[in-house]
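Colleague: My structure is below; once you've seen it, I'll send some questions.
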Amino acid sequence: MAADADKVFKALADPGRRLLLDRLHADNGQTLTELCAHLPMSRQAVTKHLKLLEEASLVVTIWRGREKFHFLNPVPIHEMAERWIHKYERGRLRVLAELKKNLEGDSNG
Amino acid sequence: MADSRFVYVTYIRTTPEKLWQALIEPEFTRQFWVGCWQESEWKPGASWRLMIPDGRVADSGEILEIEPQKRLVLRWRNEFKPELREEGYSRMTYEIEPMGEAVKLTVIHEMERPGSKFIEAVSNGWPMILSGLKTLLETGESFEASRHWPKGM
């Protein structure tokens with residue numbers, strides 16, 4: 001239940017789960033079938049990843065009629081950013097991230 | 001989904017009474033809601049306004065449902081940005097549930113319109129406001145960014 005930092009870090013430590021979060025960021029509020037349609041993963045793998053993301057409170061679900069929709073919940077990420085990044089000079093880190101982006105080209109973060 | 005909708009959840013180590021007070025009372029909201037406070041009589045059908053520290057009205061609407069310490073549903077329209085105001089009314093719901101030693105707060109902000117610019121705009125604000133609220137209730141002090149209205153907005 002409580003979205004503690006360990007669960008959040010663990011949930012984020014997998015490329016498949018980060019991809020799921022990116023898919024929800026691009027199009028929030030998707031059913032399992034919609035999520036599976038654009039992912040190179042089995043339905044079973046997506047279900048497993050979603051369970052971990054839900055336990056970390058990074059994904060929340062609501063029912064509308066007979067369908068279950070998945071939403072990206074950015075609140076725990078914001079809490080982590082405040083705790084781990086803002087405290088350590090976010091301004092300078094942003095400048096470095098911009099520089100990296102410019103040097104590596106637009107396609108890579 | 002054809003509508004625009006965001007759902008946020010945060011678990012806060014507090015009581016439903018304290019959370020409700022923090023969500024409603026101006027001396028609390030000013031500390032985490034970027035300096036804003038609300039004006040309402042807090043009963044069904046009453047008008048509701050969110051005030052910007054410089055005196056402008058950020059948003060307005062009415063109380064659709066209110067069950068203290070459990071649930072609040074507001075009809076909510078932007079007032080200070082014409083391109084958002086013209087989209088009309090959204091619906092915002094707070095759901096409060098005790099969960100062991102914590103309280104689960106769910107915020108649903110939705111509008112019956114695909115690709116709403118208003119819902120997109122509030123989606124940038126809610127995560128900061130809610131993590132500021134959590135920090136305030138758990139530590140007695142919110143963080144700097146959630147206390148002040150952003151410059152130039």
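Residue numbering restarts at 1 for every chain of the structure tokens, chains are lettered A, B, ... in their displayed order, and ligands are numbered from 1 as they appear.
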Give me, as a list in words, all polymer residues having an atom no more than 7 Å from region 26-33 of chain B, counting only C-alpha atoms and skipping those fewer than 2 positions away in the same chain.

Modeller: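 Within the cut-off, the hits are Ala22, Leu23, Ile24, Gly35, Cys36, Trp37, Gln38, Ile129, Gly132, Leu133, Ser142, Ser146 and Arg147 of chain B.
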
Colleague: I need the residues from that last selection saved to file as a CSV table (one decimal), in the first residue's frame (with N, CA and C atoms), if you can.

Modeller:
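Result saved to part.csv:
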chain,number,residue,atom,x,y,z
B,22,ALA,N,-6.7,20.2,5.7
B,22,ALA,CA,-5.7,20.8,4.9
B,22,ALA,C,-6.2,21.1,3.5
B,23,LEU,N,-7.1,20.3,3.0
B,23,LEU,CA,-7.7,20.5,1.6
B,23,LEU,C,-8.6,21.7,1.5
B,24,ILE,N,-9.2,22.0,2.7
B,24,ILE,CA,-10.3,23.0,2.6
B,24,ILE,C,-9.8,24.4,3.2
B,35,GLY,N,0.3,29.0,-2.9
B,35,GLY,CA,-0.2,30.2,-2.3
B,35,GLY,C,-1.7,30.5,-2.5
B,36,CYS,N,-2.4,29.6,-3.1
B,36,CYS,CA,-3.8,29.8,-3.4
B,36,CYS,C,-4.7,29.4,-2.2
B,37,TRP,N,-5.9,30.0,-2.2
B,37,TRP,CA,-6.9,29.5,-1.2
B,37,TRP,C,-8.3,29.5,-1.9
B,38,GLN,N,-9.2,28.8,-1.2
B,38,GLN,CA,-10.6,28.6,-1.8
B,38,GLN,C,-11.6,29.4,-1.0
B,129,ILE,N,1.3,19.9,-6.3
B,129,ILE,CA,0.4,20.3,-5.2
B,129,ILE,C,0.2,19.1,-4.2
B,132,GLY,N,3.4,18.4,-2.3
B,132,GLY,CA,3.5,19.4,-1.3
B,132,GLY,C,2.6,19.2,-0.1
B,133,LEU,N,1.3,18.8,-0.4
B,133,LEU,CA,0.4,18.5,0.6
B,133,LEU,C,0.9,17.3,1.5
B,142,SER,N,5.8,22.4,4.0
B,142,SER,CA,5.8,22.0,2.6
B,142,SER,C,7.2,22.5,2.0
B,146,SER,N,6.1,24.6,-3.7
B,146,SER,CA,4.6,24.5,-3.6
B,146,SER,C,4.0,25.6,-2.7
B,147,ARG,N,4.8,26.5,-2.3
B,147,ARG,CA,4.3,27.6,-1.4
B,147,ARG,C,4.0,28.9,-2.2

Colleague: Could you list, as a list of chain:residue names, every residue of chain B that has an atom within 8 Å of an atom of chain A, counting only C-alpha atoms?

Modeller: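 Here is what falls inside 8 Å: B:Met1, B:Arg5, B:Phe6, B:Val7, B:Tyr8, B:Val9, B:Thr10, B:Tyr11, B:Met99, B:Ala102, B:Pro127, B:Met128, B:Leu130, B:Ser131.
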
Colleague: Find the residues around Glu138 (chain B) up to 8 Å (only C-alpha atoms counted), leave out those fewer than 5 positions away in its own chain, and share them as a list in words.

Modeller: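 Result of the neighbour search: Ile12, Arg13 and Thr14 of chain B.
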
Colleague: For the residues in that selection, give me N, CA and C atoms as a PDB file, in the first residue's frame.

Modeller:
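Result file part30.pdb:
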ATOM      1  N   ILE B  12      -0.832   9.321   2.505  1.00  0.00           N
ATOM      2  CA  ILE B  12      -0.293  10.307   3.427  1.00  0.00           C
ATOM      3  C   ILE B  12      -0.445   9.781   4.851  1.00  0.00           C
ATOM      4  N   ARG B  13       0.645   9.849   5.612  1.00  0.00           N
ATOM      5  CA  ARG B  13       0.571   9.412   7.018  1.00  0.00           C
ATOM      6  C   ARG B  13      -0.090  10.521   7.835  1.00  0.00           C
ATOM      7  N   THR B  14      -1.411  10.472   7.899  1.00  0.00           N
ATOM      8  CA  THR B  14      -2.207  11.466   8.629  1.00  0.00           C
ATOM      9  C   THR B  14      -3.572  10.857   8.890  1.00  0.00           C
TER      10      THR B  14
END

Colleague: According to DSSP computed on the backbone, where in chain B is there alpha helix (DSSP H)? Give the residues as a ChimeraX atom specification.

Modeller: /B:16-24,26-32,82-85,117-139

Colleague: Could you save those same residues with C-alpha atoms as an mmCIF file, in the first residue's frame?

Modeller:
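Contents of result.cif, as written:
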data_model
loop_
_atom_site.group_PDB
_atom_site.id
_atom_site.type_symbol
_atom_site.label_atom_id
_atom_site.label_comp_id
_atom_site.auth_asym_id
_atom_site.auth_seq_id
_atom_site.Cartn_x
_atom_site.Cartn_y
_atom_site.Cartn_z
ATOM 1 C CA PRO B 16 -8.913 11.844 7.353
ATOM 2 C CA GLU B 17 -9.792 14.779 9.678
ATOM 3 C CA LYS B 18 -6.422 16.494 9.209
ATOM 4 C CA LEU B 19 -6.352 15.787 5.468
ATOM 5 C CA TRP B 20 -9.820 17.283 5.037
ATOM 6 C CA GLN B 21 -8.810 20.366 6.994
ATOM 7 C CA ALA B 22 -5.650 20.758 4.867
ATOM 8 C CA LEU B 23 -7.653 20.473 1.626
ATOM 9 C CA ILE B 24 -10.264 23.046 2.650
ATOM 10 C CA PRO B 26 -7.076 28.696 3.536
ATOM 11 C CA GLU B 27 -4.225 28.756 6.072
ATOM 12 C CA PHE B 28 -3.325 25.211 4.996
ATOM 13 C CA THR B 29 -3.938 25.433 1.236
ATOM 14 C CA ARG B 30 -1.742 28.547 0.989
ATOM 15 C CA GLN B 31 1.198 26.441 2.139
ATOM 16 C CA PHE B 32 1.050 23.745 -0.556
ATOM 17 C CA PRO B 82 -9.311 32.404 -22.077
ATOM 18 C CA GLU B 83 -8.211 29.374 -24.132
ATOM 19 C CA LEU B 84 -8.820 27.103 -21.123
ATOM 20 C CA ARG B 85 -11.961 28.889 -19.928
ATOM 21 C CA LYS B 117 -6.015 21.601 -22.966
ATOM 22 C CA PHE B 118 -7.383 22.381 -19.506
ATOM 23 C CA ILE B 119 -6.915 18.811 -18.238
ATOM 24 C CA GLU B 120 -3.418 18.839 -19.757
ATOM 25 C CA ALA B 121 -2.656 22.121 -17.943
ATOM 26 C CA VAL B 122 -3.861 20.937 -14.523
ATOM 27 C CA SER B 123 -1.918 17.700 -14.990
ATOM 28 C CA ASN B 124 1.257 19.778 -14.661
ATOM 29 C CA GLY B 125 0.096 21.257 -11.373
ATOM 30 C CA TRP B 126 -1.513 18.385 -9.434
ATOM 31 C CA PRO B 127 1.621 16.240 -8.864
ATOM 32 C CA MET B 128 3.449 19.185 -7.271
ATOM 33 C CA ILE B 129 0.435 20.281 -5.212
ATOM 34 C CA LEU B 130 -0.217 16.752 -3.936
ATOM 35 C CA SER B 131 3.389 15.998 -3.050
ATOM 36 C CA GLY B 132 3.510 19.415 -1.313
ATOM 37 C CA LEU B 133 0.360 18.477 0.636
ATOM 38 C CA LYS B 134 1.895 15.134 1.651
ATOM 39 C CA THR B 135 5.133 16.800 2.756
ATOM 40 C CA LEU B 136 3.215 19.441 4.738
ATOM 41 C CA LEU B 137 1.090 16.891 6.603
ATOM 42 C CA GLU B 138 3.943 14.487 7.287
ATOM 43 C CA THR B 139 6.675 16.955 8.228
#
